[in-house]
file work-v8.json (JSON, C-alpha atoms)
[["chain", "number", "residue", "atom", "x", "y", "z"],
["A", 1, "MET", "CA", 120.66, 109.96, 98.22],
["A", 2, "THR", "CA", 117.74, 107.96, 96.83],
["A", 3, "GLU", "CA", 114.37, 109.69, 96.68],
["A", 4, "LYS", "CA", 111.35, 108.22, 98.46],
["A", 5, "VAL", "CA", 108.48, 107.73, 95.99],
["A", 6, "ALA", "CA", 104.81, 107.27, 96.93],
["A", 7, "LEU", "CA", 102.93, 104.60, 94.97],
["A", 8, "THR", "CA", 99.21, 104.85, 94.19],
["A", 9, "PRO", "CA", 98.06, 102.63, 91.31],
["A", 10, "ALA", "CA", 95.01, 103.63, 89.25],
["A", 11, "THR", "CA", 93.04, 100.91, 91.07],
["A", 12, "HIS", "CA", 93.37, 102.76, 94.37],
["A", 13, "THR", "CA", 91.83, 105.94, 95.75],
["A", 14, "THR", "CA", 93.81, 108.59, 97.58],
["A", 15, "PRO", "CA", 94.37, 107.28, 101.12],
["A", 16, "PRO", "CA", 91.90, 108.58, 103.73],
["A", 17, "ALA", "CA", 94.73, 109.88, 105.94],
["A", 18, "LYS", "CA", 98.32, 111.10, 105.57],
["A", 19, "PHE", "CA", 99.94, 107.88, 104.32],
["A", 20, "SER", "CA", 100.82, 106.21, 101.03],
["A", 21, "HIS", "CA", 99.50, 102.89, 99.72],
["A", 22, "GLY", "CA", 103.10, 102.02, 98.96],
["A", 23, "VAL", "CA", 106.50, 103.68, 99.21],
["A", 24, "ARG", "CA", 109.69, 102.84, 97.37],
["A", 25, "LYS", "CA", 113.13, 104.10, 98.29],
["A", 26, "GLY", "CA", 116.03, 102.58, 96.42],
["A", 27, "ASN", "CA", 115.45, 98.85, 96.27],
["A", 28, "ILE", "CA", 113.03, 98.76, 99.25],
["A", 29, "LEU", "CA", 109.28, 98.81, 98.62],
["A", 30, "GLN", "CA", 106.81, 98.83, 101.51],
["A", 31, "VAL", "CA", 103.16, 98.15, 100.76],
["A", 32, "ALA", "CA", 100.84, 99.62, 103.41],
["A", 33, "GLY", "CA", 98.14, 97.43, 104.89],
["A", 34, "GLN", "CA", 95.64, 96.59, 102.16],
["A", 35, "VAL", "CA", 92.08, 95.34, 102.53],
["A", 36, "GLY", "CA", 89.59, 93.75, 100.17],
["A", 37, "PHE", "CA", 88.24, 96.88, 98.51],
["A", 38, "LEU", "CA", 87.33, 96.53, 94.85],
["A", 39, "PRO", "CA", 89.18, 98.79, 92.38],
["A", 40, "ALA", "CA", 88.32, 102.44, 92.88],
["A", 41, "VAL", "CA", 85.54, 104.07, 90.89],
["A", 42, "GLU", "CA", 85.82, 107.86, 90.68],
["A", 43, "GLY", "CA", 83.20, 109.53, 92.89],
["A", 44, "GLU", "CA", 82.05, 106.25, 94.47],
["A", 45, "PRO", "CA", 82.74, 105.11, 98.04],
["A", 46, "ALA", "CA", 85.07, 102.15, 98.56],
["A", 47, "THR", "CA", 83.28, 98.81, 98.18],
["A", 48, "VAL", "CA", 84.31, 95.58, 99.91],
["A", 49, "ALA", "CA", 84.79, 92.66, 97.47],
["A", 50, "GLY", "CA", 82.28, 90.57, 99.39],
["A", 51, "PRO", "CA", 81.35, 89.31, 102.80],
["A", 52, "THR", "CA", 83.50, 86.16, 102.72],
["A", 53, "LEU", "CA", 87.08, 85.77, 103.81],
["A", 54, "ARG", "CA", 87.94, 84.24, 100.40],
["A", 55, "GLU", "CA", 86.56, 87.20, 98.43],
["A", 56, "GLN", "CA", 88.29, 89.74, 100.65],
["A", 57, "THR", "CA", 91.62, 87.87, 100.75],
["A", 58, "LEU", "CA", 91.82, 87.43, 96.97],
["A", 59, "GLN", "CA", 90.98, 91.11, 96.43],
["A", 60, "THR", "CA", 93.54, 92.10, 99.06],
["A", 61, "PHE", "CA", 96.18, 90.11, 97.13],
["A", 62, "ALA", "CA", 95.12, 91.88, 93.91],
["A", 63, "ASN", "CA", 95.49, 95.26, 95.64],
["A", 64, "ILE", "CA", 98.95, 94.40, 96.96],
["A", 65, "LYS", "CA", 100.02, 93.11, 93.54],
["A", 66, "ALA", "CA", 98.92, 96.38, 91.90],
["A", 67, "ILE", "CA", 101.13, 98.37, 94.28],
["A", 68, "LEU", "CA", 104.07, 96.00, 93.82],
["A", 69, "GLU", "CA", 103.79, 96.36, 90.05],
["A", 70, "GLU", "CA", 103.46, 100.15, 90.31],
["A", 71, "GLY", "CA", 106.80, 100.11, 92.13],
["A", 72, "GLY", "CA", 108.48, 97.72, 89.68],
["A", 73, "ALA", "CA", 108.26, 94.68, 91.94],
["A", 74, "SER", "CA", 106.57, 91.28, 91.90],
["A", 75, "TRP", "CA", 105.62, 88.62, 94.43],
["A", 76, "ASP", "CA", 109.13, 87.14, 93.98],
["A", 77, "ASP", "CA", 110.56, 90.33, 95.53],
["A", 78, "VAL", "CA", 108.41, 90.10, 98.67],
["A", 79, "MET", "CA", 110.45, 89.27, 101.77],
["A", 80, "MET", "CA", 107.79, 89.64, 104.47],
["A", 81, "MET", "CA", 104.00, 89.71, 104.70],
["A", 82, "ARG", "CA", 101.94, 90.56, 107.75],
["A", 83, "VAL", "CA", 98.38, 89.27, 107.88],
["A", 84, "TYR", "CA", 95.85, 90.85, 110.21],
["A", 85, "LEU", "CA", 92.67, 88.84, 110.86],
["A", 86, "THR", "CA", 89.64, 89.94, 112.83],
["A", 87, "ASP", "CA", 88.67, 86.42, 113.90],
["A", 88, "VAL", "CA", 90.98, 83.66, 115.15],
["A", 89, "SER", "CA", 88.60, 81.07, 113.68],
["A", 90, "HIS", "CA", 89.55, 82.31, 110.16],
["A", 91, "PHE", "CA", 93.19, 81.23, 110.52],
["A", 92, "ALA", "CA", 92.92, 77.78, 108.87],
["A", 93, "GLU", "CA", 90.74, 79.07, 106.01],
["A", 94, "MET", "CA", 93.11, 81.98, 105.43],
["A", 95, "ASN", "CA", 96.06, 79.55, 105.24],
["A", 96, "GLU", "CA", 94.22, 77.47, 102.62],
["A", 97, "ILE", "CA", 93.44, 80.56, 100.50],
["A", 98, "TYR", "CA", 96.98, 81.91, 100.98],
["A", 99, "ASN", "CA", 98.66, 78.63, 100.01],
["A", 100, "ALA", "CA", 96.45, 78.10, 96.94],
["A", 101, "TYR", "CA", 96.97, 81.67, 95.75],
["A", 102, "PHE", "CA", 100.75, 81.48, 95.92],
["A", 103, "GLU", "CA", 100.82, 78.01, 94.34],
["A", 104, "ASP", "CA", 99.02, 79.60, 91.36],
["A", 105, "GLN", "CA", 101.56, 82.44, 91.10],
["A", 106, "SER", "CA", 104.39, 80.19, 89.83],
["A", 107, "LEU", "CA", 106.93, 81.93, 92.04],
["A", 108, "LYS", "CA", 110.58, 81.55, 91.14],
["A", 109, "ALA", "CA", 111.80, 82.62, 94.60],
["A", 110, "PRO", "CA", 111.12, 80.91, 97.94],
["A", 111, "ALA", "CA", 107.99, 81.93, 99.83],
["A", 112, "SER", "CA", 108.21, 85.12, 101.89],
["A", 113, "ALA", "CA", 108.29, 85.19, 105.66],
["A", 114, "ARG", "CA", 104.90, 85.86, 107.30],
["A", 115, "THR", "CA", 103.35, 86.90, 110.58],
["A", 116, "THR", "CA", 99.64, 86.63, 111.42],
["A", 117, "VAL", "CA", 97.95, 88.56, 114.22],
["A", 118, "TYR", "CA", 94.39, 89.28, 115.30],
["A", 119, "VAL", "CA", 93.08, 92.85, 115.29],
["A", 120, "GLY", "CA", 90.02, 95.03, 115.06],
["A", 121, "LEU", "CA", 89.21, 96.42, 111.60],
["A", 122, "PRO", "CA", 86.35, 98.64, 110.38],
["A", 123, "LYS", "CA", 82.97, 96.91, 110.18],
["A", 124, "GLY", "CA", 82.72, 94.35, 107.38],
["A", 125, "LEU", "CA", 86.47, 93.95, 106.87],
["A", 126, "LEU", "CA", 87.89, 90.55, 107.81],
["A", 127, "ILE", "CA", 91.53, 90.79, 106.72],
["A", 128, "GLU", "CA", 94.33, 93.27, 106.10],
["A", 129, "ILE", "CA", 97.78, 92.44, 104.68],
["A", 130, "ASP", "CA", 100.96, 94.46, 104.24],
["A", 131, "ALA", "CA", 104.12, 93.47, 102.39],
["A", 132, "LEU", "CA", 107.79, 94.39, 102.28],
["A", 133, "ALA", "CA", 109.69, 93.85, 99.03],
["A", 134, "VAL", "CA", 113.38, 94.16, 98.25],
["A", 135, "LEU", "CA", 114.24, 94.57, 94.57],
["A", 136, "ASP", "CA", 117.50, 93.65, 92.87],
["A", 137, "ASN", "CA", 117.91, 97.11, 91.35]]
call {"tool": "encode", "arguments": {"input": "work-v8.json", "output": "structure tokens"}}
result
Amino acid sequence: MTEKVALTPATHTTPPAKFSHGVRKGNILQVAGQVGFLPAVEGEPATVAGPTLREQTLQTFANIKAILEEGGASWDDVMMMRVYLTDVSHFAEMNEIYNAYFEDQSLKAPASARTTVYVGLPKGLLIEIDALAVLDN
């Protein structure tokens, strides 16, 4: 039986509750919901990348990518992404940021599936994204 492995890249702090930033079992890698926190600094509280949706979304992508890489995956392995927005009026802007980001990634595989929903997040956070990757090995 394949072992389940928790993934916490050096850029991330220990989660604030009993969960992992990412988990890989066999060829399945699940990235937990990530937000736009800047890379962790030992002894410092988490800091949001900035007040704008663009700043937070790009940092969220960087945080997801770090977990994917920690688990031996890349954006090409991502099958599904779930985007959680706090404000329905951010949908069009998020799509523009999302599309531009993935155009710049030079993906070899087709784009992943995606769902977008509207939620409440802690004060100052505008977006959260999780991802599911399936690796070839």
call {"tool": "closest_residue", "arguments": {"input": "work-v8.json", "among": "A:Glu70, A:Glu103, A:Asp77, A:Glu55", "to": "Leu126 of chain A", "atoms": "all atoms listed in the file"}}
result
A:Glu55
call {"tool": "residues_near_point", "arguments": {"input": "work-v8.json", "point": "(97.0, 95.2, 107.7)", "cutoff": "7 Å", "atoms": "all atoms listed in the file", "output": "PyMOL selection string"}}
result
chain A and resi 33-34+82-84+128-130
call {"tool": "closest_residue", "arguments": {"input": "work-v8.json", "among": "A:Gly120, A:Pro9, A:Pro110, A:Gly71", "to": "Pro39 of chain A", "atoms": "only C-alpha atoms"}}
result
A:Pro9
call {"tool": "closest_residue", "arguments": {"input": "work-v8.json", "among": "A:Phe102, A:Ala49, A:Asp87, A:Pro16", "to": "Leu121 of chain A", "atoms": "only C-alpha atoms"}}
result
A:Asp87
call {"tool": "atom_distance", "arguments": {"input": "work-v8.json", "atom1": "atom CA of Ile64 of chain A", "atom2": "atom CA of Val78 of chain A"}}
result
10.5 Å
call {"tool": "closest_residue", "arguments": {"input": "work-v8.json", "among": "A:Val117, A:Met94, A:Val41, A:Met80", "to": "Val134 of chain A", "atoms": "all atoms listed in the file"}}
result
A:Met80
call {"tool": "residues_around", "arguments": {"input": "work-v8.json", "residues": "Ile97 of chain A", "least_positions_apart": "4", "cutoff": "7 Å", "atoms": "all atoms listed in the file", "output": "ChimeraX atom specification"}}
result
/A:54,93,101
call {"tool": "residues_around", "arguments": {"input": "work-v8.json", "residues": "Val31 of chain A", "least_positions_apart": "6", "cutoff": "7 Å", "atoms": "all atoms listed in the file", "output": "ChimeraX atom specification"}}
result
/A:21-23,64,67,130-132
call {"tool": "closest_residue", "arguments": {"input": "work-v8.json", "among": "A:Thr11, A:Thr86, A:Thr57, A:Asn27", "to": "Gly124 of chain A", "atoms": "all atoms listed in the file"}}
result
A:Thr86
call {"tool": "closest_residue", "arguments": {"input": "work-v8.json", "among": "A:Phe91, A:Glu69, A:Lys18, A:Met81", "to": "Arg114 of chain A", "atoms": "only C-alpha atoms"}}
result
A:Met81
call {"tool": "decode", "arguments": {"input": "work-v8.json", "residues": "segment 14-125 of chain A", "atoms": "C-alpha atoms", "output": "PDB file, in the first residue's frame"}}
result
ATOM      1  CA  THR A  14       3.117  24.783   9.976  1.00  0.00           C
ATOM      2  CA  PRO A  15      -0.655  24.867   9.368  1.00  0.00           C
ATOM      3  CA  PRO A  16      -2.685  26.549  12.132  1.00  0.00           C
ATOM      4  CA  ALA A  17      -4.872  23.450  12.581  1.00  0.00           C
ATOM      5  CA  LYS A  18      -4.641  19.681  12.056  1.00  0.00           C
ATOM      6  CA  PHE A  19      -4.226  19.613   8.257  1.00  0.00           C
ATOM      7  CA  SER A  20      -1.439  19.524   5.692  1.00  0.00           C
ATOM      8  CA  HIS A  21      -0.682  22.146   3.042  1.00  0.00           C
ATOM      9  CA  GLY A  22      -0.488  19.273   0.587  1.00  0.00           C
ATOM     10  CA  VAL A  23      -0.751  15.496   0.666  1.00  0.00           C
ATOM     11  CA  ARG A  24       0.548  12.970  -1.828  1.00  0.00           C
ATOM     12  CA  LYS A  25      -0.449   9.330  -1.962  1.00  0.00           C
ATOM     13  CA  GLY A  26       0.776   7.365  -4.942  1.00  0.00           C
ATOM     14  CA  ASN A  27       0.243   9.499  -8.005  1.00  0.00           C
ATOM     15  CA  ILE A  28      -2.431  11.744  -6.403  1.00  0.00           C
ATOM     16  CA  LEU A  29      -1.426  15.097  -4.920  1.00  0.00           C
ATOM     17  CA  GLN A  30      -3.982  17.334  -3.211  1.00  0.00           C
ATOM     18  CA  VAL A  31      -3.014  20.912  -2.435  1.00  0.00           C
ATOM     19  CA  ALA A  32      -5.061  22.381   0.420  1.00  0.00           C
ATOM     20  CA  GLY A  33      -6.660  25.776  -0.042  1.00  0.00           C
ATOM     21  CA  GLN A  34      -3.913  28.374  -0.330  1.00  0.00           C
ATOM     22  CA  VAL A  35      -4.157  32.123   0.152  1.00  0.00           C
ATOM     23  CA  GLY A  36      -1.906  35.039  -0.723  1.00  0.00           C
ATOM     24  CA  PHE A  37       0.465  34.890   2.238  1.00  0.00           C
ATOM     25  CA  LEU A  38       4.056  35.835   1.495  1.00  0.00           C
ATOM     26  CA  PRO A  39       6.727  33.170   2.148  1.00  0.00           C
ATOM     27  CA  ALA A  40       7.048  32.363   5.834  1.00  0.00           C
ATOM     28  CA  VAL A  41       9.595  34.143   7.993  1.00  0.00           C
ATOM     29  CA  GLU A  42      10.515  32.245  11.169  1.00  0.00           C
ATOM     30  CA  GLY A  43       8.965  33.894  14.228  1.00  0.00           C
ATOM     31  CA  GLU A  44       6.892  36.371  12.184  1.00  0.00           C
ATOM     32  CA  PRO A  45       3.116  36.266  11.681  1.00  0.00           C
ATOM     33  CA  ALA A  46       1.779  35.457   8.213  1.00  0.00           C
ATOM     34  CA  THR A  47       1.675  38.515   5.952  1.00  0.00           C
ATOM     35  CA  VAL A  48      -0.749  39.006   3.062  1.00  0.00           C
ATOM     36  CA  ALA A  49       1.001  39.824  -0.250  1.00  0.00           C
ATOM     37  CA  GLY A  50      -1.023  43.002  -0.606  1.00  0.00           C
ATOM     38  CA  PRO A  51      -4.499  44.412  -0.555  1.00  0.00           C
ATOM     39  CA  THR A  52      -5.269  43.844  -4.252  1.00  0.00           C
ATOM     40  CA  LEU A  53      -6.777  40.791  -5.866  1.00  0.00           C
ATOM     41  CA  ARG A  54      -3.840  40.660  -8.330  1.00  0.00           C
ATOM     42  CA  GLU A  55      -1.197  40.604  -5.582  1.00  0.00           C
ATOM     43  CA  GLN A  56      -3.038  37.961  -3.589  1.00  0.00           C
ATOM     44  CA  THR A  57      -3.846  35.772  -6.611  1.00  0.00           C
ATOM     45  CA  LEU A  58      -0.270  35.749  -7.920  1.00  0.00           C
ATOM     46  CA  GLN A  59       1.070  34.907  -4.452  1.00  0.00           C
ATOM     47  CA  THR A  60      -1.556  32.189  -4.086  1.00  0.00           C
ATOM     48  CA  PHE A  61      -0.337  30.665  -7.371  1.00  0.00           C
ATOM     49  CA  ALA A  62       3.258  30.823  -6.085  1.00  0.00           C
ATOM     50  CA  ASN A  63       2.196  29.045  -2.886  1.00  0.00           C
ATOM     51  CA  ILE A  64       0.385  26.303  -4.806  1.00  0.00           C
ATOM     52  CA  LYS A  65       3.359  25.872  -7.157  1.00  0.00           C
ATOM     53  CA  ALA A  66       5.713  25.437  -4.176  1.00  0.00           C
ATOM     54  CA  ILE A  67       3.559  22.599  -2.834  1.00  0.00           C
ATOM     55  CA  LEU A  68       3.237  20.975  -6.256  1.00  0.00           C
ATOM     56  CA  GLU A  69       7.016  21.050  -6.665  1.00  0.00           C
ATOM     57  CA  GLU A  70       7.537  19.700  -3.133  1.00  0.00           C
ATOM     58  CA  GLY A  71       5.416  16.723  -4.174  1.00  0.00           C
ATOM     59  CA  GLY A  72       7.165  16.224  -7.525  1.00  0.00           C
ATOM     60  CA  ALA A  73       4.377  17.756  -9.604  1.00  0.00           C
ATOM     61  CA  SER A  74       3.923  20.755 -11.892  1.00  0.00           C
ATOM     62  CA  TRP A  75       1.023  22.786 -13.267  1.00  0.00           C
ATOM     63  CA  ASP A  76       0.808  20.267 -16.142  1.00  0.00           C
ATOM     64  CA  ASP A  77      -0.215  17.602 -13.599  1.00  0.00           C
ATOM     65  CA  VAL A  78      -3.105  19.656 -12.194  1.00  0.00           C
ATOM     66  CA  MET A  79      -6.496  18.207 -13.093  1.00  0.00           C
ATOM     67  CA  MET A  80      -8.780  20.463 -11.048  1.00  0.00           C
ATOM     68  CA  MET A  81      -8.606  23.839  -9.333  1.00  0.00           C
ATOM     69  CA  ARG A  82     -11.197  25.357  -7.039  1.00  0.00           C
ATOM     70  CA  VAL A  83     -11.219  29.116  -6.644  1.00  0.00           C
ATOM     71  CA  TYR A  84     -12.912  30.728  -3.669  1.00  0.00           C
ATOM     72  CA  LEU A  85     -13.620  34.468  -3.951  1.00  0.00           C
ATOM     73  CA  THR A  86     -15.012  36.740  -1.263  1.00  0.00           C
ATOM     74  CA  ASP A  87     -16.648  39.144  -3.716  1.00  0.00           C
ATOM     75  CA  VAL A  88     -18.646  38.272  -6.840  1.00  0.00           C
ATOM     76  CA  SER A  89     -17.478  41.530  -8.435  1.00  0.00           C
ATOM     77  CA  HIS A  90     -13.906  40.113  -8.537  1.00  0.00           C
ATOM     78  CA  PHE A  91     -14.839  37.304 -10.940  1.00  0.00           C
ATOM     79  CA  ALA A  92     -13.887  39.031 -14.225  1.00  0.00           C
ATOM     80  CA  GLU A  93     -10.619  40.414 -12.810  1.00  0.00           C
ATOM     81  CA  MET A  94      -9.719  37.017 -11.375  1.00  0.00           C
ATOM     82  CA  ASN A  95     -10.320  35.411 -14.795  1.00  0.00           C
ATOM     83  CA  GLU A  96      -7.985  37.952 -16.438  1.00  0.00           C
ATOM     84  CA  ILE A  97      -5.236  37.297 -13.860  1.00  0.00           C
ATOM     85  CA  TYR A  98      -5.798  33.526 -14.061  1.00  0.00           C
ATOM     86  CA  ASN A  99      -5.669  33.437 -17.870  1.00  0.00           C
ATOM     87  CA  ALA A 100      -2.555  35.634 -18.087  1.00  0.00           C
ATOM     88  CA  TYR A 101      -0.748  33.603 -15.426  1.00  0.00           C
ATOM     89  CA  PHE A 102      -1.338  30.284 -17.152  1.00  0.00           C
ATOM     90  CA  GLU A 103      -0.490  31.709 -20.582  1.00  0.00           C
ATOM     91  CA  ASP A 104       2.917  32.626 -19.096  1.00  0.00           C
ATOM     92  CA  GLN A 105       3.473  29.101 -17.725  1.00  0.00           C
ATOM     93  CA  SER A 106       3.976  27.522 -21.179  1.00  0.00           C
ATOM     94  CA  LEU A 107       1.899  24.496 -20.231  1.00  0.00           C
ATOM     95  CA  LYS A 108       2.325  21.359 -22.304  1.00  0.00           C
ATOM     96  CA  ALA A 109      -0.959  19.823 -21.110  1.00  0.00           C
ATOM     97  CA  PRO A 110      -4.486  21.203 -21.573  1.00  0.00           C
ATOM     98  CA  ALA A 111      -5.808  23.594 -18.939  1.00  0.00           C
ATOM     99  CA  SER A 112      -7.203  22.023 -15.777  1.00  0.00           C
ATOM    100  CA  ALA A 113     -10.874  21.951 -14.901  1.00  0.00           C
ATOM    101  CA  ARG A 114     -11.989  24.719 -12.522  1.00  0.00           C
ATOM    102  CA  THR A 115     -14.826  25.695 -10.223  1.00  0.00           C
ATOM    103  CA  THR A 116     -15.319  29.152  -8.708  1.00  0.00           C
ATOM    104  CA  VAL A 117     -17.490  29.856  -5.675  1.00  0.00           C
ATOM    105  CA  TYR A 118     -18.035  32.759  -3.303  1.00  0.00           C
ATOM    106  CA  VAL A 119     -17.190  32.392   0.384  1.00  0.00           C
ATOM    107  CA  GLY A 120     -16.218  34.207   3.545  1.00  0.00           C
ATOM    108  CA  LEU A 121     -12.489  34.310   4.337  1.00  0.00           C
ATOM    109  CA  PRO A 122     -10.563  35.909   7.218  1.00  0.00           C
ATOM    110  CA  LYS A 123     -10.368  39.702   7.081  1.00  0.00           C
ATOM    111  CA  GLY A 124      -8.112  41.020   4.313  1.00  0.00           C
ATOM    112  CA  LEU A 125      -8.084  37.814   2.270  1.00  0.00           C
TER     113      LEU A 125
END
